[in-house]
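File shown: run32.cif. Contents: mmCIF, C-alpha atoms and all ligand atoms.
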```cif
data_protein
loop_
_atom_site.group_PDB
_atom_site.id
_atom_site.type_symbol
_atom_site.label_atom_id
_atom_site.label_comp_id
_atom_site.auth_asym_id
_atom_site.auth_seq_id
_atom_site.Cartn_x
_atom_site.Cartn_y
_atom_site.Cartn_z
ATOM 1 C CA MET G 1 18.439 4.703 22.067
ATOM 2 C CA ASP G 2 19.792 3.067 18.970
ATOM 3 C CA LYS G 3 23.467 3.449 18.230
ATOM 4 C CA VAL G 4 24.191 6.164 15.675
ATOM 5 C CA TYR G 5 26.916 6.193 13.030
ATOM 6 C CA LEU G 6 27.923 9.510 11.516
ATOM 7 C CA ILE G 7 29.159 9.127 7.943
ATOM 8 C CA GLY G 8 30.135 11.461 5.109
ATOM 9 C CA PHE G 9 33.002 12.545 2.901
ATOM 10 C CA MET G 10 36.162 14.186 4.282
ATOM 11 C CA GLY G 11 35.447 17.729 5.437
ATOM 12 C CA THR G 12 31.706 17.333 5.961
ATOM 13 C CA GLY G 13 32.157 18.130 9.666
ATOM 14 C CA LYS G 14 31.867 14.682 11.262
ATOM 15 C CA THR G 15 34.711 15.360 13.707
ATOM 16 C CA ALA G 16 33.559 18.896 14.547
ATOM 17 C CA ILE G 17 29.970 17.767 15.136
ATOM 18 C CA GLY G 18 31.157 14.769 17.177
ATOM 19 C CA ARG G 19 33.102 17.107 19.456
ATOM 20 C CA ASN G 20 29.946 19.141 20.092
ATOM 21 C CA LEU G 21 27.888 16.027 20.753
ATOM 22 C CA LYS G 22 30.378 14.932 23.428
ATOM 23 C CA ALA G 23 28.794 17.417 25.827
ATOM 24 C CA ARG G 24 25.634 15.292 26.014
ATOM 25 C CA TYR G 25 26.399 11.871 24.584
ATOM 26 C CA SER G 26 29.114 9.264 24.623
ATOM 27 C CA VAL G 27 31.007 9.686 21.362
ATOM 28 C CA ASP G 28 33.633 7.454 19.862
ATOM 29 C CA GLU G 29 35.676 9.057 17.107
ATOM 30 C CA LEU G 30 37.350 6.277 15.156
ATOM 31 C CA ASP G 31 40.108 8.478 13.665
ATOM 32 C CA GLU G 32 40.974 9.845 17.078
ATOM 33 C CA ARG G 33 41.246 6.291 18.423
ATOM 34 C CA PHE G 34 43.297 5.329 15.403
ATOM 35 C CA VAL G 35 45.830 8.077 16.110
ATOM 36 C CA GLN G 36 45.983 7.148 19.805
ATOM 37 C CA GLU G 37 46.740 3.536 18.921
ATOM 38 C CA HIS G 38 48.850 3.871 15.764
ATOM 39 C CA GLY G 39 50.093 7.468 15.524
ATOM 40 C CA PRO G 40 49.397 9.981 12.733
ATOM 41 C CA ILE G 41 47.293 8.654 9.836
ATOM 42 C CA THR G 42 49.670 10.083 7.197
ATOM 43 C CA ASN G 43 52.631 8.167 8.679
ATOM 44 C CA PHE G 44 50.593 4.976 8.837
ATOM 45 C CA PHE G 45 49.540 5.358 5.180
ATOM 46 C CA LYS G 46 53.208 5.777 4.181
ATOM 47 C CA GLN G 47 54.221 2.604 5.999
ATOM 48 C CA HIS G 48 51.213 0.337 5.490
ATOM 49 C CA GLY G 49 49.270 1.904 2.644
ATOM 50 C CA GLU G 50 45.535 2.484 2.506
ATOM 51 C CA THR G 51 44.918 -1.279 2.739
ATOM 52 C CA GLY G 52 46.718 -1.418 6.089
ATOM 53 C CA PHE G 53 44.687 1.528 7.337
ATOM 54 C CA ARG G 54 41.372 -0.034 6.233
ATOM 55 C CA LYS G 55 42.178 -3.255 8.109
ATOM 56 C CA GLN G 56 42.665 -1.354 11.363
ATOM 57 C CA GLU G 57 39.577 0.750 10.677
ATOM 58 C CA VAL G 58 37.435 -2.418 10.453
ATOM 59 C CA GLU G 59 38.668 -3.439 13.907
ATOM 60 C CA LEU G 60 38.018 -0.024 15.434
ATOM 61 C CA LEU G 61 34.471 0.021 14.047
ATOM 62 C CA ARG G 62 33.723 -3.440 15.381
ATOM 63 C CA HIS G 63 34.926 -2.530 18.847
ATOM 64 C CA SER G 64 33.283 0.881 19.089
ATOM 65 C CA GLN G 65 31.265 1.116 22.278
ATOM 66 C CA ALA G 66 29.781 4.588 22.315
ATOM 67 C CA GLN G 67 26.253 5.759 21.612
ATOM 68 C CA ILE G 68 27.498 7.874 18.709
ATOM 69 C CA VAL G 69 30.279 6.630 16.454
ATOM 70 C CA VAL G 70 32.054 9.238 14.335
ATOM 71 C CA THR G 71 33.631 7.523 11.349
ATOM 72 C CA GLY G 72 36.304 8.485 8.822
ATOM 73 C CA GLY G 73 35.134 9.293 5.288
ATOM 74 C CA GLY G 74 36.293 5.961 3.881
ATOM 75 C CA ILE G 75 34.373 3.705 6.273
ATOM 76 C CA ILE G 76 31.848 2.901 3.521
ATOM 77 C CA GLU G 77 34.579 1.540 1.246
ATOM 78 C CA ARG G 78 34.313 -1.896 2.834
ATOM 79 C CA PRO G 79 31.012 -3.731 2.311
ATOM 80 C CA GLU G 80 31.417 -5.450 5.701
ATOM 81 C CA ASN G 81 31.502 -2.050 7.402
ATOM 82 C CA ARG G 82 28.322 -0.958 5.653
ATOM 83 C CA LEU G 83 26.608 -4.163 6.703
ATOM 84 C CA PHE G 84 27.892 -3.910 10.280
ATOM 85 C CA MET G 85 26.630 -0.326 10.677
ATOM 86 C CA LYS G 86 23.236 -1.200 9.153
ATOM 87 C CA GLU G 87 22.826 -4.138 11.493
ATOM 88 C CA THR G 88 23.943 -2.414 14.668
ATOM 89 C CA GLY G 89 22.577 1.117 14.441
ATOM 90 C CA THR G 90 21.151 4.057 12.541
ATOM 91 C CA ILE G 91 23.307 5.762 9.921
ATOM 92 C CA PHE G 92 23.313 9.570 9.671
ATOM 93 C CA TRP G 93 24.908 10.943 6.500
ATOM 94 C CA ILE G 94 26.162 14.497 6.207
ATOM 95 C CA ASP G 95 25.714 15.378 2.544
ATOM 96 C CA THR G 96 27.766 18.406 1.485
ATOM 97 C CA PRO G 97 28.515 19.567 -2.089
ATOM 98 C CA PHE G 98 32.022 18.877 -3.352
ATOM 99 C CA HIS G 99 33.152 22.494 -3.786
ATOM 100 C CA ILE G 100 32.463 23.195 -0.109
ATOM 101 C CA VAL G 101 34.355 20.205 1.263
ATOM 102 C CA TRP G 102 37.199 20.769 -1.191
ATOM 103 C CA ASN G 103 37.789 24.266 0.169
ATOM 104 C CA ARG G 104 37.943 22.845 3.675
ATOM 105 C CA ILE G 105 40.290 19.951 3.002
ATOM 106 C CA LYS G 106 42.513 21.026 0.091
ATOM 107 C CA THR G 107 45.368 22.304 2.250
ATOM 108 C CA ASP G 108 45.040 19.849 5.129
ATOM 109 C CA PRO G 109 48.191 17.700 5.348
ATOM 110 C CA SER G 110 46.619 15.264 7.836
ATOM 111 C CA ARG G 111 44.400 13.635 5.173
ATOM 112 C CA PRO G 112 46.608 11.426 2.991
ATOM 113 C CA LEU G 113 43.944 10.927 0.323
ATOM 114 C CA VAL G 114 43.799 14.632 -0.471
ATOM 115 C CA LYS G 115 45.669 14.920 -3.760
ATOM 116 C CA SER G 116 44.673 16.886 -6.868
ATOM 117 C CA ARG G 117 41.189 18.368 -7.064
ATOM 118 C CA SER G 118 40.192 16.068 -9.935
ATOM 119 C CA THR G 119 41.374 12.936 -8.097
ATOM 120 C CA VAL G 120 39.446 13.863 -4.970
ATOM 121 C CA GLU G 121 36.362 14.824 -6.972
ATOM 122 C CA LYS G 122 36.365 11.385 -8.626
ATOM 123 C CA LEU G 123 36.589 9.768 -5.185
ATOM 124 C CA PHE G 124 33.737 11.987 -3.981
ATOM 125 C CA ARG G 125 31.524 11.007 -6.948
ATOM 126 C CA ARG G 126 32.190 7.314 -6.505
ATOM 127 C CA ARG G 127 31.562 7.390 -2.781
ATOM 128 C CA ARG G 128 28.473 9.572 -2.887
ATOM 129 C CA SER G 129 26.247 6.717 -4.014
ATOM 130 C CA LEU G 130 27.695 4.476 -1.299
ATOM 131 C CA TYR G 131 26.827 7.035 1.406
ATOM 132 C CA ALA G 132 23.373 7.550 -0.101
ATOM 133 C CA ARG G 133 22.632 3.831 -0.173
ATOM 134 C CA ALA G 134 23.925 3.237 3.349
ATOM 135 C CA ALA G 135 22.177 6.202 4.981
ATOM 136 C CA ASP G 136 19.032 6.006 7.078
ATOM 137 C CA VAL G 137 18.968 9.772 7.576
ATOM 138 C CA ARG G 138 20.394 12.452 5.245
ATOM 139 C CA LEU G 139 21.484 15.753 6.748
ATOM 140 C CA ASP G 140 21.978 18.916 4.700
ATOM 141 C CA GLY G 141 25.699 19.593 5.040
ATOM 142 C CA THR G 142 25.412 23.213 3.866
ATOM 143 C CA LYS G 143 24.180 24.079 7.376
ATOM 144 C CA SER G 144 26.538 25.189 10.141
ATOM 145 C CA VAL G 145 28.200 22.794 12.587
ATOM 146 C CA ARG G 146 25.960 24.236 15.287
ATOM 147 C CA GLU G 147 22.769 23.688 13.289
ATOM 148 C CA LEU G 148 23.791 20.160 12.320
ATOM 149 C CA THR G 149 24.617 19.324 15.936
ATOM 150 C CA LYS G 150 21.187 20.586 17.043
ATOM 151 C CA GLU G 151 19.451 18.649 14.306
ATOM 152 C CA ILE G 152 21.177 15.426 15.345
ATOM 153 C CA GLU G 153 20.350 16.053 19.008
ATOM 154 C CA THR G 154 16.686 16.555 18.099
ATOM 155 C CA LEU G 155 16.628 13.334 16.089
ATOM 156 C CA LEU G 156 18.244 11.491 18.988
ATOM 157 C CA GLU G 157 15.667 12.862 21.413
ATOM 158 C CA GLU G 158 12.885 11.773 19.077
ATOM 159 C CA ASN G 159 14.512 8.354 19.160
ATOM 160 C CA VAL G 160 14.749 7.824 15.405
HETATM 161 N N1 LIG G 201 29.035 22.712 8.419
HETATM 162 C C1 LIG G 201 30.193 23.356 8.503
HETATM 163 N N2 LIG G 201 30.247 24.682 8.371
HETATM 164 C C2 LIG G 201 31.426 25.330 8.433
HETATM 165 N N3 LIG G 201 32.630 24.744 8.650
HETATM 166 C C3 LIG G 201 32.649 23.421 8.797
HETATM 167 C C4 LIG G 201 31.434 22.663 8.728
HETATM 168 N N4 LIG G 201 31.748 21.376 8.908
HETATM 169 C C5 LIG G 201 33.097 21.319 9.082
HETATM 170 N N5 LIG G 201 33.629 22.547 9.018
HETATM 171 C C6 LIG G 201 35.063 22.838 9.149
HETATM 172 O O1 LIG G 201 35.746 22.094 8.132
HETATM 173 C C7 LIG G 201 36.925 21.504 8.641
HETATM 174 C C8 LIG G 201 36.865 20.001 8.495
HETATM 175 O O2 LIG G 201 35.867 19.474 9.361
HETATM 176 P P1 LIG G 201 35.977 18.054 10.079
HETATM 177 O O3 LIG G 201 35.060 18.081 11.244
HETATM 178 O O4 LIG G 201 37.392 17.702 10.325
HETATM 179 O O5 LIG G 201 35.384 17.107 8.926
HETATM 180 P P2 LIG G 201 35.411 15.539 8.808
HETATM 181 O O6 LIG G 201 35.680 14.958 10.162
HETATM 182 O O7 LIG G 201 34.055 15.191 8.280
HETATM 183 O O8 LIG G 201 36.478 15.235 7.816
HETATM 184 C C9 LIG G 201 37.056 21.973 10.092
HETATM 185 O O9 LIG G 201 37.855 23.119 10.141
HETATM 186 C C10 LIG G 201 35.625 22.316 10.461
HETATM 187 O O10 LIG G 201 35.537 23.268 11.479
HETATM 188 O O1 LIG G 202 38.020 9.471 3.393
HETATM 189 C C1 LIG G 202 38.932 8.710 3.804
HETATM 190 O O2 LIG G 202 39.245 7.650 3.235
HETATM 191 C C2 LIG G 202 39.643 9.105 5.049
HETATM 192 C C3 LIG G 202 39.085 10.089 5.826
HETATM 193 C C4 LIG G 202 39.719 10.570 7.049
HETATM 194 O O3 LIG G 202 38.717 10.978 7.979
HETATM 195 P P1 LIG G 202 37.797 12.303 7.768
HETATM 196 O O4 LIG G 202 36.596 11.891 6.959
HETATM 197 O O5 LIG G 202 37.444 12.724 9.135
HETATM 198 O O6 LIG G 202 38.640 13.292 7.048
HETATM 199 C C5 LIG G 202 40.603 9.486 7.658
HETATM 200 O O7 LIG G 202 39.823 8.421 8.129
HETATM 201 C C6 LIG G 202 41.590 8.992 6.643
HETATM 202 O O8 LIG G 202 42.419 10.060 6.258
HETATM 203 C C7 LIG G 202 40.897 8.394 5.412
HETATM 204 MG MG MG G 203 37.124 13.603 10.885
#
```
Please, can you express the file's structure as structure tokens?
Ligand SMILES: Nc1ncnc2c1ncn2[C@@H]1O[C@H](COP(=O)(O)OP(=O)(O)O)[C@@H](O)[C@H]1O
Ligand SMILES: O=C(O)C1=C[C@@H](OP(=O)(O)O)[C@@H](O)[C@H](O)C1
Ligand SMILES: [Mg+2]
Amino acid sequence: MDKVYLIGFMGTGKTAIGRNLKARYSVDELDERFVQEHGPITNFFKQHGETGFRKQEVELLRHSQAQIVVTGGGIIERPENRLFMKETGTIFWIDTPFHIVWNRIKTDPSRPLVKSRSTVEKLFRRRRSLYARAADVRLDGTKSVRELTKEIETLLEENV
């Protein structure tokens, strides 16, 4: 089976779905690995800025070993990451409307890029076309975590 990369904006459920997929597949969650190696993301952003975080994220992506790689929402910011994922696997994009993800992330202190609604909405708009262009498969993010997990499992069994 081809390697699969799960991409999408913050709050689209990448982490939650990845946790479910762990029951049947090897899953590498890049943010989880980041925290294990460098401590909380918010602290790292304060000390090294977003640029410092992105540098480490590139390394984690390049060394990911699992069948399914769960990324952080900003993985598509770097063109080299988009190219790397395209060349080494199949990209699944969870596409969820802004108002839904905003309600999930607006009070979460562990995501340093969550600021005012208008700032985050601008980021969402800019990134949406990057996700769309990178994706091989688009998943309807208005579905439940359970439904999305099942859908991904079915696609994996069909060997997309
Ligand atoms: N499809 C969904 N339906 C309902 N709740 C969801 C869905 N996807 C994610 N959530 C919830 O939203 C929050 C953020 O999800 P998370 O998996 O951390 O997103 P991501 O890793 O994409 O940023 C969690 O509390 C999660 O349970
Ligand atoms: O969108 C982003 O730039 C980020 C998303 C986060 O992951 P989630 O998409 O799991 O929230 C995490 O990697 C970091 O806070 C930066
Ligand atoms: Mg996550």
Interatomic distance, CA of Lys143 in chain G to CA of Trp93 in chain G (Å, one decimal):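 Between CA of Lys143 in chain G and CA of Trp93 in chain G the gap is 13.2 Å.
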Nearby residues, ligand LIG 201 (chain G), 9 Å, all atoms listed in the file, as a PyMOL selection string: chain G and resi 6-19+31+70-73+94+96+100-101+103-105+108+111+140-148
Axis-aligned box over every listed atom of range 55-72 of chain G, padded by 4 Å per side: centre and edges in Å to one decimal, as JSON?
```
{"center_x": 34.5, "center_y": 2.9, "center_z": 15.2, "size_x": 24.4, "size_y": 20.7, "size_z": 22.2}
```
Spatial neighbours of Leu155 in chain G, max dist 12 Å, only C-alpha atoms, sep filter under 3 positions, as a list in words: Met1, Asp2, Val4, Thr90, Ile91, Phe92, Asp136, Val137, Arg138, Leu139, Leu148, Thr149, Lys150, Glu151, Ile152, Glu158, Asn159 and Val160 of chain G
Residue with smallest distance to Val27 in chain G - pool G:Leu123, G:Gln67, G:Glu50, G:Phe45, counting all atoms listed in the file: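 Selected residue with least distance to Val27 in chain G: G:Gln67.
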Point-to-point distance from CA of Met85 in chain G to CA of Ile41 in chain G, Å rounded to tenths: 22.5 Å
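Going from CA of His99 in chain G over to atom O7 of ligand LIG 202 (chain G), you cover 19.6 Å.
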Using all atoms listed in the file: which of G:Lys115, G:Lys86, G:Arg33, G:His38 has the shortest distance to ligand MG 203 (chain G):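 Under the stated criterion, the closest residue is G:Arg33.
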Of the listed residues G:Arg127, G:Lys122, G:Lys22, G:Arg117, that which approaches ligand LIG 202 (chain G) most closely, counting all atoms listed in the file: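 Once distances to ligand LIG 202 (chain G) are computed over all atoms listed in the file, the minimum belongs to G:Arg127.
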G:Lys106, G:Arg82, G:Arg24, G:Arg133 ranked by distance to ligand LIG 202 (chain G), top pick (using only C-alpha atoms and all ligand atoms): G:Lys106
Best match for closeness to ligand MG 203 (chain G) among G:Phe34, G:Phe44, G:Tyr131, G:Phe124, counting all atoms listed in the file: G:Phe34
Distance query 6 Å from (35.7, 16.0, -4.4) using all atoms listed in the file, result as an NGL selection string: :G and (98 or 102 or 120-121 or 124)
Residue among G:Tyr25, G:Tyr5, G:Arg128, G:Val58 lying closest to Glu157 in chain G, counting all atoms listed in the file: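 Looking only at the distances to Glu157 in chain G, the closest residue turns out to be G:Tyr25.
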